[in-house]
Amino acid sequence: MRSRRSVTAIALACALVLAACGGAGETPAAGGGDKGEPAPGVTDTSVLIGSHQPLTGPAAPGYSKISVGAKAVYSYLNDNGGINGRKIDYKVEDDGYNPTKTVEVVKKLVLQDKVFAIVGGLGTPTHSKVVEYLNSEGVPDLLVSSGALMWDNAAKNPKTFGYQLDYTREGKIQGQYIKEKFAGKKVGLLVQGDDVGTDTQKGLDQFIKDQIVSRQTYDPANTDVTPQLSALQAAGAEVVVCECIPAFTALTILTSLKIGYKAQLVVSSIGADPATLAGLVEQFAKQGGAQVSGAALLTGIIGTRYLPSARSLDDPWTAFFKQIHDKYIPDEAFTDTLVYGMVQAYTFGQALKAAGKDLTRQKLVDAMSSGELKGPGLTPFAFSKDSHAGYTGALVFQIAADGNVTTLQEAKTTDRETGPVSDYKAAQLKPEDVKLVG
């Protein structure tokens, strides 16, 4: 009898433990966990993902709209039945582009909100502080919003995947272009004082190391770039490469005007959105008591990009995202920054679909590693079992007086090492080729 009571007590205790495990709104999806347990953030009808974004702070101007674009795409997917019958619940936490805050909000997303994955976490100085944590917790860390090389380390951080063109690849493409089009010109660099600057120079130096006369860094916490621009001016730099977030690209433009420094500005994709830049230039100038035309001050700037331009409505992907924009966020300016978030969300949708109905974190990582994710970028992803880098190339464009852009060099691809920069001529896929719903 004592034995029977013991068995009954053990059975009751196990039942209580199992009931507790199924709490917090989770219901087990068939085979949802990697080891048979429910996958965190997954139910039969929904999947919860999270992201950290600079909704405030030095990177907020421009970048705060990335999650707005992403949310619009998730709304579109949800209204059309979701992915494999599951709707995507997208939770965004503001980290203010502050690494300490990033750690705090990411741990909240993982431990308290129990998200299935982190998608599009933004920033090199910020996201670098949570990569090891996410991998140790087994949380898929997908499509990081930064071009740092550190996201591409499949052996050390198997759950982390990049998204945008990495800074070294972009530096190589910029460097080759400058070497060919500005041969013999003195070049100055203004780069963010972290992996953005370090990784970019690895690429630039392969082509224009002998042309570089001054290297300057900025700290996102200090908005005065007068010393750096003055140093570039004193060194006689005729071409300035600005590897800067949008706010600091705008500050570079205004500071150059203030000190009478006229150089050809070449900007990286992280700060080259014409619409965002024009607005920031006008906003910052107004705060300083001046009225300027942002579009006029952008005329002639050269940039790189790897995604469809918001200005090119004849591009099928741009037209597709504009339709989503007009339905879900019509009051938002349709910019390249907004498109960045929309492409990111659509790419995650592809991975989620490929992971299948019987969803686990490992199946999502396997889908990312499959090499099957396509479009909407101008060049392919590098994704494979061995590479977790994002897009592999970019085109070069110039901003015209009317704010439109002209392509100076068609898309080229390269690697993150010392390989060649090569023409990319494959036809771009269309939305109907990468259909997720309907």
# chains A, B, ... in the order shown; residues from 1 in each chain; ligands from 1

call {"tool": "residues_around", "arguments": {"residues": "Ser136 in chain A", "least_positions_apart": "5", "cutoff": "10 Å", "atoms": "only C-alpha atoms", "output": "ChimeraX atom specification"}}
result
/A:130-131,157-159

call {"tool": "closest_atom_pairs", "arguments": {"of": "range 367-413 of chain A", "to": "range 309-322 of chain A", "cutoff": "10 Å", "atoms": "only C-alpha atoms", "output": "Markdown table"}}
result
| residue | atom | partner | partner_atom | distance |
| --- | --- | --- | --- | --- |
| A:Gly375 | CA | A:Trp317 | CA | 8.9 |
| A:Pro376 | CA | A:Trp317 | CA | 6.5 |
| A:Gly377 | CA | A:Trp317 | CA | 9.0 |
| A:Gly403 | CA | A:Arg311 | CA | 8.9 |
| A:Asn404 | CA | A:Arg311 | CA | 6.6 |
| A:Val405 | CA | A:Arg311 | CA | 7.6 |

call {"tool": "write_last_selection", "arguments": {"atoms": "C-alpha atoms", "output": "PDB file, in the first residue's frame"}}
result
ATOM      1  CA  GLY A 375      16.091  37.671 -53.283  1.00  0.00           C
ATOM      2  CA  PRO A 376      15.128  40.448 -52.931  1.00  0.00           C
ATOM      3  CA  GLY A 377      18.712  41.735 -52.931  1.00  0.00           C
ATOM      4  CA  GLY A 403      17.222  63.412 -55.042  1.00  0.00           C
ATOM      5  CA  ASN A 404      17.064  60.535 -57.490  1.00  0.00           C
ATOM      6  CA  VAL A 405      19.965  58.129 -57.965  1.00  0.00           C
TER       7      VAL A 405
END

call {"tool": "select_by_dssp", "arguments": {"residues": "range 119-288 of chain A", "states": "strand (DSSP E)", "output": "JSON, numbers by chain"}}
result
{"A": [119, 141, 142, 143, 144, 160, 161, 162, 187, 188, 189, 190, 191, 192, 212, 213, 214, 215, 216, 217, 218, 239, 240, 241, 242, 243, 264, 265, 266, 267]}

call {"tool": "residues_around", "arguments": {"residues": "range 123-125 of chain A", "least_positions_apart": "3", "cutoff": "9 Å", "atoms": "only C-alpha atoms", "output": "ChimeraX atom specification"}}
result
/A:53-54,59,97-99,128-129,144-148,194-196

call {"tool": "write_last_selection", "arguments": {"atoms": "C-alpha atoms", "output": "tab-separated table (two decimals), in the first residue's frame"}}
result
chain	number	residue	atom	x	y	z
A	53	GLN	CA	16.48	48.39	-32.14
A	54	PRO	CA	17.65	51.99	-31.51
A	59	ALA	CA	21.39	55.78	-34.18
A	97	TYR	CA	22.17	51.98	-29.28
A	98	ASN	CA	23.60	51.40	-25.79
A	99	PRO	CA	25.39	48.04	-25.34
A	128	SER	CA	28.40	42.08	-30.25
A	129	LYS	CA	27.59	42.03	-26.52
A	144	VAL	CA	21.92	40.84	-37.76
A	145	SER	CA	21.62	44.49	-38.80
A	146	SER	CA	25.32	45.18	-39.11
A	147	GLY	CA	28.05	44.32	-41.60
A	148	ALA	CA	30.67	43.26	-39.06
A	194	ASP	CA	34.68	49.96	-33.78
A	195	ASP	CA	34.44	46.94	-36.10
A	196	VAL	CA	32.67	49.13	-38.66

call {"tool": "residues_around", "arguments": {"residues": "range 337-344 of chain A", "least_positions_apart": "4", "cutoff": "6 Å", "atoms": "only C-alpha atoms", "output": "MDAnalysis selection string"}}
result
chainID A and resid 65:67 69:70 73

call {"tool": "select_by_dssp", "arguments": {"residues": "range 192-284 of chain A", "states": "helix (DSSP H, G or I)", "output": "PyMOL selection string"}}
result
chain A and resi 195-211+226-234+246-259+269-271+274-284

call {"tool": "closest_residue", "arguments": {"among": "A:Asn135, A:Gln164, A:Gln283, A:Asn222", "to": "Gly393 in chain A", "atoms": "only C-alpha atoms"}}
result
A:Gln164

call {"tool": "closest_residue", "arguments": {"among": "A:Gln176, A:Ser422, A:Thr160, A:Gln428", "to": "Ile208 in chain A", "atoms": "only C-alpha atoms"}}
result
A:Gln176

call {"tool": "residues_around", "arguments": {"residues": "Glu372 in chain A", "least_positions_apart": "5", "cutoff": "10 Å", "atoms": "only C-alpha atoms", "output": "list of chain:residue names"}}
result
A:Gln350, A:Ala351, A:Ala354, A:Ala367, A:Phe381, A:Phe383, A:Ser384

call {"tool": "write_last_selection", "arguments": {"atoms": "C-alpha atoms", "output": "PDB file, in the first residue's frame"}}
result
ATOM      1  CA  GLN A 350      11.475  32.523 -46.292  1.00  0.00           C
ATOM      2  CA  ALA A 351      13.545  30.814 -43.599  1.00  0.00           C
ATOM      3  CA  ALA A 354      11.581  26.427 -45.236  1.00  0.00           C
ATOM      4  CA  ALA A 367      16.926  26.555 -43.294  1.00  0.00           C
ATOM      5  CA  PHE A 381      23.524  35.666 -49.900  1.00  0.00           C
ATOM      6  CA  PHE A 383      24.607  31.516 -46.511  1.00  0.00           C
ATOM      7  CA  SER A 384      25.759  27.897 -46.273  1.00  0.00           C
TER       8      SER A 384
END

call {"tool": "residues_around", "arguments": {"residues": "Lys425 in chain A", "least_positions_apart": "4", "cutoff": "10 Å", "atoms": "only C-alpha atoms", "output": "list of chain:residue names"}}
result
A:Leu378, A:Thr379, A:Glu410, A:Ala411, A:Lys412, A:Thr413

call {"tool": "write_last_selection", "arguments": {"atoms": "N, CA and C atoms", "output": "CSV table (one decimal), in the first residue's frame"}}
result
chain,number,residue,atom,x,y,z
A,378,LEU,N,20.2,42.6,-54.6
A,378,LEU,CA,20.8,42.7,-56.0
A,378,LEU,C,21.8,41.6,-56.2
A,379,THR,N,22.3,41.0,-55.1
A,379,THR,CA,23.3,40.0,-55.2
A,379,THR,C,22.9,38.8,-54.3
A,410,GLU,N,27.4,48.8,-62.1
A,410,GLU,CA,26.4,47.7,-61.8
A,410,GLU,C,27.0,46.8,-60.7
A,411,ALA,N,26.1,46.0,-60.1
A,411,ALA,CA,26.5,45.1,-59.0
A,411,ALA,C,27.7,44.2,-59.3
A,412,LYS,N,28.5,44.2,-58.3
A,412,LYS,CA,29.7,43.3,-58.3
A,412,LYS,C,29.7,42.5,-57.0
A,413,THR,N,30.3,41.4,-57.0
A,413,THR,CA,30.4,40.5,-55.8
A,413,THR,C,31.9,40.3,-55.5
